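File shown here: start.txt, holding compact mmCIF, C-alpha atoms.
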# COMPACT_ATOMS: atom_id res chain seq x y z
CA ILE L 1 -16.99 68.95 -98.24
CA ALA L 2 -20.74 69.59 -97.91
CA PHE L 3 -24.15 68.02 -98.57
CA ARG L 4 -27.44 69.85 -99.24
CA PRO L 5 -30.74 67.96 -99.02
CA ILE L 6 -33.32 68.63 -101.74
CA THR L 7 -36.81 68.04 -100.36
CA ASP L 8 -39.62 67.99 -102.90
CA ASN L 9 -42.67 66.08 -101.64
CA ALA L 10 -42.33 66.04 -97.83
CA LYS L 11 -45.84 64.58 -97.50
CA VAL L 12 -44.63 61.10 -98.49
CA LEU L 13 -40.86 61.26 -98.02
CA HIS L 14 -39.93 59.28 -94.89
CA HIS L 15 -36.15 59.46 -95.22
CA TRP L 16 -33.33 58.84 -97.66
CA ILE L 17 -29.79 57.51 -97.29
CA LEU L 18 -26.84 58.00 -99.63
CA TYR L 19 -24.56 54.95 -99.63
CA ALA L 20 -21.35 54.07 -101.35
CA GLN L 21 -21.84 50.99 -103.52
CA THR L 22 -19.75 49.15 -100.91
CA GLY L 23 -22.54 49.78 -98.40
CA ALA L 24 -20.81 52.55 -96.47
CA PHE L 25 -23.24 55.17 -95.09
CA LEU L 26 -22.31 58.61 -96.48
CA THR L 27 -25.19 60.86 -95.44
CA GLY L 28 -28.94 60.80 -94.96
CA TRP L 29 -32.05 62.89 -94.40
CA ALA L 30 -35.08 62.64 -92.14
CA PRO L 31 -37.96 65.11 -91.61
CA GLY L 32 -36.67 68.42 -90.24
CA ASP L 33 -33.04 67.75 -91.17
CA ASP L 34 -32.81 70.50 -93.79
CA GLU L 35 -30.04 72.72 -92.40
CA ARG L 36 -26.53 71.38 -92.93
CA GLN L 37 -23.11 72.74 -92.05
CA ALA L 38 -20.11 72.10 -94.27
CA PHE L 39 -17.24 70.07 -92.86
CA PRO L 40 -14.52 72.04 -91.02
CA ALA L 41 -11.78 73.46 -93.24
CA ASP L 42 -9.32 70.56 -92.79
CA ILE L 43 -11.88 67.72 -93.02
CA GLY L 44 -13.74 66.13 -95.91
CA MET L 45 -15.37 62.83 -96.84
CA ASN L 46 -13.81 60.64 -99.52
CA MET L 47 -16.44 60.12 -102.20
CA PRO L 48 -16.38 57.00 -104.38
CA THR L 49 -16.06 57.55 -108.11
CA GLY L 50 -16.99 55.65 -111.21
CA LYS L 51 -20.14 54.18 -112.68
CA GLN L 52 -22.73 53.08 -110.10
CA SER L 53 -20.42 54.07 -107.23
CA LEU L 54 -23.25 55.75 -105.28
CA ARG L 55 -26.69 54.46 -104.26
CA LEU L 56 -29.50 56.75 -103.07
CA ASP L 57 -32.13 54.80 -101.12
CA MET L 58 -35.48 56.59 -100.96
CA HIS L 59 -38.00 55.57 -98.29
CA TYR L 60 -41.61 56.65 -98.85
CA PHE L 61 -44.72 56.35 -96.69
CA ASN L 62 -48.01 56.74 -98.56
CA THR L 63 -50.09 53.90 -97.12
CA MET L 64 -52.98 56.23 -96.24
CA GLY L 65 -52.95 57.99 -99.59
CA THR L 66 -55.58 57.40 -102.24
CA GLN L 67 -53.57 58.86 -105.14
CA PRO L 68 -50.09 58.21 -106.53
CA GLU L 69 -47.54 60.79 -105.43
CA LYS L 70 -44.59 62.15 -107.38
CA ASP L 71 -41.27 63.17 -105.82
CA GLN L 72 -37.97 64.61 -107.01
CA SER L 73 -36.12 64.77 -103.69
CA GLY L 74 -32.41 64.10 -103.57
CA VAL L 75 -29.08 65.53 -102.45
CA GLU L 76 -26.46 67.90 -103.81
CA VAL L 77 -22.81 67.09 -103.09
CA CYS L 78 -20.12 69.80 -103.02
CA ILE L 79 -16.71 68.36 -103.88
CA VAL L 80 -13.08 69.43 -104.23
CA LYS L 81 -10.32 67.64 -106.12
CA GLY L 82 -6.57 67.45 -106.51
CA GLU L 83 -4.59 69.94 -104.45
CA HIS L 84 -7.78 71.01 -102.67
CA LEU L 85 -8.36 67.61 -101.07
CA ARG L 86 -8.44 67.81 -97.28
CA LYS L 87 -5.97 65.99 -95.04
CA ASN L 88 -8.51 64.44 -92.62
CA ALA L 89 -11.16 62.02 -93.91
CA ALA L 90 -14.53 61.81 -92.14
CA ALA L 91 -17.09 59.01 -91.93
CA VAL L 92 -20.45 58.29 -90.29
CA THR L 93 -21.01 55.49 -87.80
CA MET L 94 -24.26 53.54 -87.59
CA SER L 95 -23.05 51.64 -84.50
CA PHE L 96 -24.53 54.00 -81.90
CA ALA L 97 -27.93 52.34 -81.69
CA SER L 98 -30.38 50.29 -79.66
CA PHE L 99 -32.58 47.49 -80.95
CA GLY L 100 -34.72 47.07 -77.84
CA ASN L 101 -35.62 43.87 -76.05
CA GLY L 102 -35.95 41.21 -78.74
CA PHE L 103 -36.45 44.03 -81.27
CA VAL L 104 -39.41 45.41 -79.27
CA MET L 105 -38.73 49.14 -79.19
CA ALA L 106 -41.91 50.60 -77.69
CA PRO L 107 -43.92 48.09 -75.64
CA ALA L 108 -47.71 48.32 -75.64
CA GLY L 109 -48.89 50.90 -73.11
CA ALA L 110 -45.39 52.29 -72.51
CA LYS L 111 -45.12 55.70 -70.85
CA MET L 112 -41.70 57.31 -71.33
CA ALA L 113 -40.05 53.88 -71.42
CA PRO L 114 -36.30 53.97 -72.24
CA ILE L 115 -34.18 51.48 -74.17
CA THR L 116 -30.39 51.72 -74.22
CA GLY L 117 -27.72 50.38 -76.57
CA THR L 118 -24.03 50.18 -75.70
CA CYS L 119 -20.94 50.63 -77.85
CA ASN L 120 -17.71 49.42 -76.23
CA VAL L 121 -15.33 51.58 -78.21
CA LYS L 122 -12.35 50.24 -80.13
CA THR L 123 -10.15 52.65 -82.05
CA THR L 124 -6.93 52.55 -84.06
CA ALA L 125 -6.36 56.25 -83.33
CA PRO L 126 -8.15 58.86 -81.18
CA VAL L 127 -11.57 59.40 -82.78
CA HIS L 128 -13.14 62.86 -82.96
CA LEU L 129 -16.95 62.80 -82.89
CA MET L 130 -18.21 65.92 -84.70
CA THR L 131 -22.00 65.57 -84.70
CA ALA L 132 -24.86 63.71 -83.05
CA SER L 133 -27.90 62.99 -85.22
CA PRO L 134 -30.88 61.38 -83.45
CA HIS L 135 -33.14 59.21 -85.56
CA ALA L 136 -36.33 57.43 -84.48
CA HIS L 137 -39.96 57.34 -85.57
CA THR L 138 -43.28 58.60 -84.21
CA TYR L 139 -43.32 56.89 -80.78
CA ALA L 140 -39.99 58.34 -79.61
CA ARG L 141 -40.17 61.22 -77.13
CA HIS L 142 -36.60 61.73 -75.88
CA MET L 143 -33.02 60.96 -76.94
CA LYS L 144 -29.84 60.86 -74.85
CA PHE L 145 -26.32 60.06 -76.05
CA MET L 146 -23.46 59.79 -73.57
CA VAL L 147 -19.77 58.85 -73.48
CA THR L 148 -18.32 57.26 -70.35
CA LYS L 149 -14.54 57.60 -70.45
CA LYS L 150 -12.12 55.00 -69.15
CA ASP L 151 -11.60 57.13 -66.03
CA LYS L 152 -15.42 57.07 -65.47
CA THR L 153 -15.94 60.74 -66.34
CA GLN L 154 -19.02 61.28 -68.50
CA ILE L 155 -19.68 63.50 -71.48
CA VAL L 156 -23.27 64.14 -72.59
CA MET L 157 -23.36 64.55 -76.36
CA HIS L 158 -27.11 65.15 -76.59
CA ASP L 159 -30.03 65.12 -74.15
CA GLY L 160 -33.31 66.47 -75.43
CA ALA L 161 -36.90 65.97 -76.49
CA PHE L 162 -37.56 64.28 -79.84
CA GLN L 163 -40.22 64.81 -82.49
CA PHE L 164 -40.31 62.86 -85.73
CA GLY L 165 -40.82 65.98 -87.87
CA GLU L 166 -38.01 67.97 -86.25
CA GLN L 167 -34.93 65.79 -86.66
CA LYS L 168 -31.55 67.43 -87.19
CA SER L 169 -27.83 67.07 -86.68
CA TYR L 170 -26.29 68.63 -83.58
CA ALA L 171 -22.70 69.91 -83.77
CA LEU L 172 -20.42 68.77 -80.94
CA GLU L 173 -18.35 71.81 -80.03
CA PRO L 174 -15.64 70.99 -79.27
CA ASP L 175 -15.32 67.53 -80.79
CA VAL L 176 -15.82 64.66 -78.35
CA VAL L 177 -12.67 62.52 -78.45
CA ILE L 178 -13.10 58.79 -77.74
CA GLU L 179 -10.57 55.95 -77.51
CA THR L 180 -10.45 52.23 -76.87
CA GLY L 181 -12.03 51.45 -73.51
CA ASP L 182 -14.59 54.25 -73.61
CA VAL L 183 -18.31 53.40 -73.72
CA VAL L 184 -20.98 55.18 -75.77
CA THR L 185 -24.61 54.70 -74.70
CA THR L 186 -27.59 55.51 -76.91
CA THR L 187 -30.92 55.86 -75.07
CA CYS L 188 -34.28 56.41 -76.75
CA THR L 189 -37.47 56.89 -74.73
CA TYR L 190 -40.90 55.94 -76.09
CA THR L 191 -44.57 56.44 -75.32
CA ASN L 192 -46.94 53.94 -76.92
CA ASP L 193 -50.64 54.38 -76.17
CA SER L 194 -51.65 51.43 -78.34
CA THR L 195 -52.16 47.80 -77.37
CA LYS L 196 -49.52 46.59 -79.83
CA ASN L 197 -45.78 46.27 -79.25
CA MET L 198 -43.85 48.44 -81.71
CA THR L 199 -40.89 46.57 -83.15
CA PHE L 200 -37.77 47.64 -85.00
CA GLY L 201 -38.34 48.32 -88.69
CA GLU L 202 -38.04 50.81 -91.54
CA SER L 203 -41.71 51.78 -91.83
CA THR L 204 -43.02 54.86 -90.04
CA THR L 205 -45.31 52.47 -88.15
CA ASN L 206 -42.25 50.65 -86.75
CA GLU L 207 -39.48 52.18 -84.64
CA MET L 208 -35.75 52.85 -84.66
CA CYS L 209 -33.15 54.21 -82.25
CA PHE L 210 -29.97 55.61 -83.82
CA ASN L 211 -27.36 58.28 -83.38
CA PHE L 212 -25.79 58.71 -86.82
CA ALA L 213 -22.58 60.39 -85.62
CA SER L 214 -19.95 61.83 -87.97
CA TYR L 215 -16.32 61.40 -86.98
CA TRP L 216 -12.72 61.43 -88.12
CA PRO L 217 -10.39 59.75 -88.99
CA ALA L 218 -12.54 57.51 -91.19
CA GLY L 219 -12.31 53.82 -90.39
CA ALA L 220 -10.68 54.27 -86.99
CA LEU L 221 -13.83 53.42 -84.97
CA SER L 222 -15.50 50.10 -84.23
CA CYS L 223 -17.83 48.82 -81.52
CA SER L 224 -18.42 45.69 -79.53
CA GLY L 225 -21.33 45.10 -77.21
CA GLY L 226 -24.02 45.92 -79.73
CA GLY L 227 -27.25 47.83 -79.41
CA GLY L 228 -29.19 45.72 -76.93
Full structure transcribed into structure tokens:
Amino acid sequence: IAFRPITDNAKVLHHWILYAQTGAFLTGWAPGDDERQAFPADIGMNMPTGKQSLRLDMHYFNTMGTQPEKDQSGVEVCIVKGEHLRKNAAAVTMSFASFGNGFVMAPAGAKMAPITGTCNVKTTAPVHLMTASPHAHTYARHMKFMVTKKDKTQIVMHDGAFQFGEQKSYALEPDVVIETGDVVTTTCTYTNDSTKNMTFGESTTNEMCFNFASYWPAGALSCSGGGG
């Protein structure tokens, strides 16, 4: 029903992701994402159980360091069982994303250059988006996430400046409800003063463009169209 990041050595910790052993994204952390709200009272996330049922991927960046660095970062998970289980199960989608033009995210010399990915929504039930969580690296300057409904009305989930060290999750109040036929667009804007194209990748010297959005009911959301 809640996660709490534990940040030890922020100097080298790039981000971490907690996965189920099946590969399902459960939660993650990036610089600045230290304040977390618990799920609403009737919503929780089903946690896998058993030996090796969870995998915590730690991503470090110490390429400029001259000494080894130690770290004990991680995550605390608050759980309930039995009669306290909640009726609505939540999940996190990784489908709200853009992968640039041929995986080029920030072209050489770019000045506030946007890239946009599109999710053509498919649902098995109305999906309630609860949060928007922008994630990119050091060349990103602005993030915008929008839903275009079937009737062409638009809902802006997030529209704001971005800094790598100040990432966080934004609550959508009220929930944004999406259904089959709606379109979610994810736009990241980059400035790149170098002479090298910055491509998609996990290193801090590469780039990403994601909105890791939490939603319920779990498993009811899929996308077509991709993050191009």
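Among the candidates L:Phe162, L:Phe96, L:Trp216, L:Phe103, the one nearest to Met146 (chain L) when counting all atoms listed in the file is L:Phe96.
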Would you list the contacts of region 147-158 of chain L as a VMD selection string, taking every protein, DNA or RNA residue within 8 Å and counting only C-alpha atoms, but skipping same-chain residues closer than 4 positions in sequence? chain L and resid 132 143 170 172 176 178 181 to 185
Distance in Å - CA of Ala91 (chain L) versus CA of Leu221 (chain L):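 It comes out at 9.5 Å.
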Report, in Å with one decimal, the straight-line distance from CA of Ser98 (chain L) to CA of Gln163 (chain L). 17.8 Å
Can you measure CA of Pro31 (chain L) to CA of Ala218 (chain L) for me? One decimal in Å is fine.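 Going from CA of Pro31 (chain L) over to CA of Ala218 (chain L) covers 26.5 Å.
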Out of L:Thr27, L:Asn46, L:Ser222, L:Thr7, which residue has the shortest atom-to-atom distance to Gln72 (chain L) when counting all atoms listed in the file?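 Nearest candidate to Gln72 (chain L) out of L:Thr27, L:Asn46, L:Ser222, L:Thr7: L:Thr7.
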Which residue of L:Pro5, L:Gly44, L:Gly160, L:Pro126 approaches Ala89 (chain L) most closely, using only C-alpha atoms: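 Of all the options, L:Gly44 lies closest to Ala89 (chain L).
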Shell around Ser73 (chain L) at 9 Å using all atoms listed in the file, local window under 4 positions removed, as a list in words: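 Skipping anything fewer than 4 positions along the chain leaves Pro5, Ile6, Thr7, Asp8, Asn9, Ala10, Leu13, Trp16 and Met58 of chain L.
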Taking all atoms listed in the file into account, name the residue in L:Met208, L:Leu18, L:Ala106, L:Val12 that is nearest to Ala136 (chain L). L:Met208
Using only C-alpha atoms and a cutoff of 10 Å, can you tell me which residues are near (-45.2, 51.8, -76.9) in the file's coordinates, and write them out as JSON, numbers by chain? {"L": [104, 105, 106, 107, 108, 109, 110, 111, 112, 113, 139, 140, 189, 190, 191, 192, 193, 194, 195, 196, 197, 198, 199, 207]}
Within 12 Å of (-12.8, 70.5, -103.2) (file coordinates; all atoms listed in the file), which protein or nucleic acid residues are there? I'd like them as a PyMOL selection string. chain L and resi 1-2+38-39+41-47+77-87
Which residue, L:His128, L:Lys70, L:His137, L:Arg4, has the smallest gap to Thr93 (chain L) when you use all atoms listed in the file? L:His128
From the options L:Gly165, L:Gly219, L:Gly201, L:Gly102, which residue's atoms come nearest to Ala24 (chain L), counting only C-alpha atoms?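 For Ala24 (chain L), the nearest of the given residues is L:Gly219.
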Extract, using only C-alpha atoms, all DNA, RNA and protein residues at most 9 Å from Thr116 (chain L), discarding same-chain residues fewer than 6 positions from it, and format them as a PyMOL selection string. chain L and resi 97-100+185-189+209+227-228
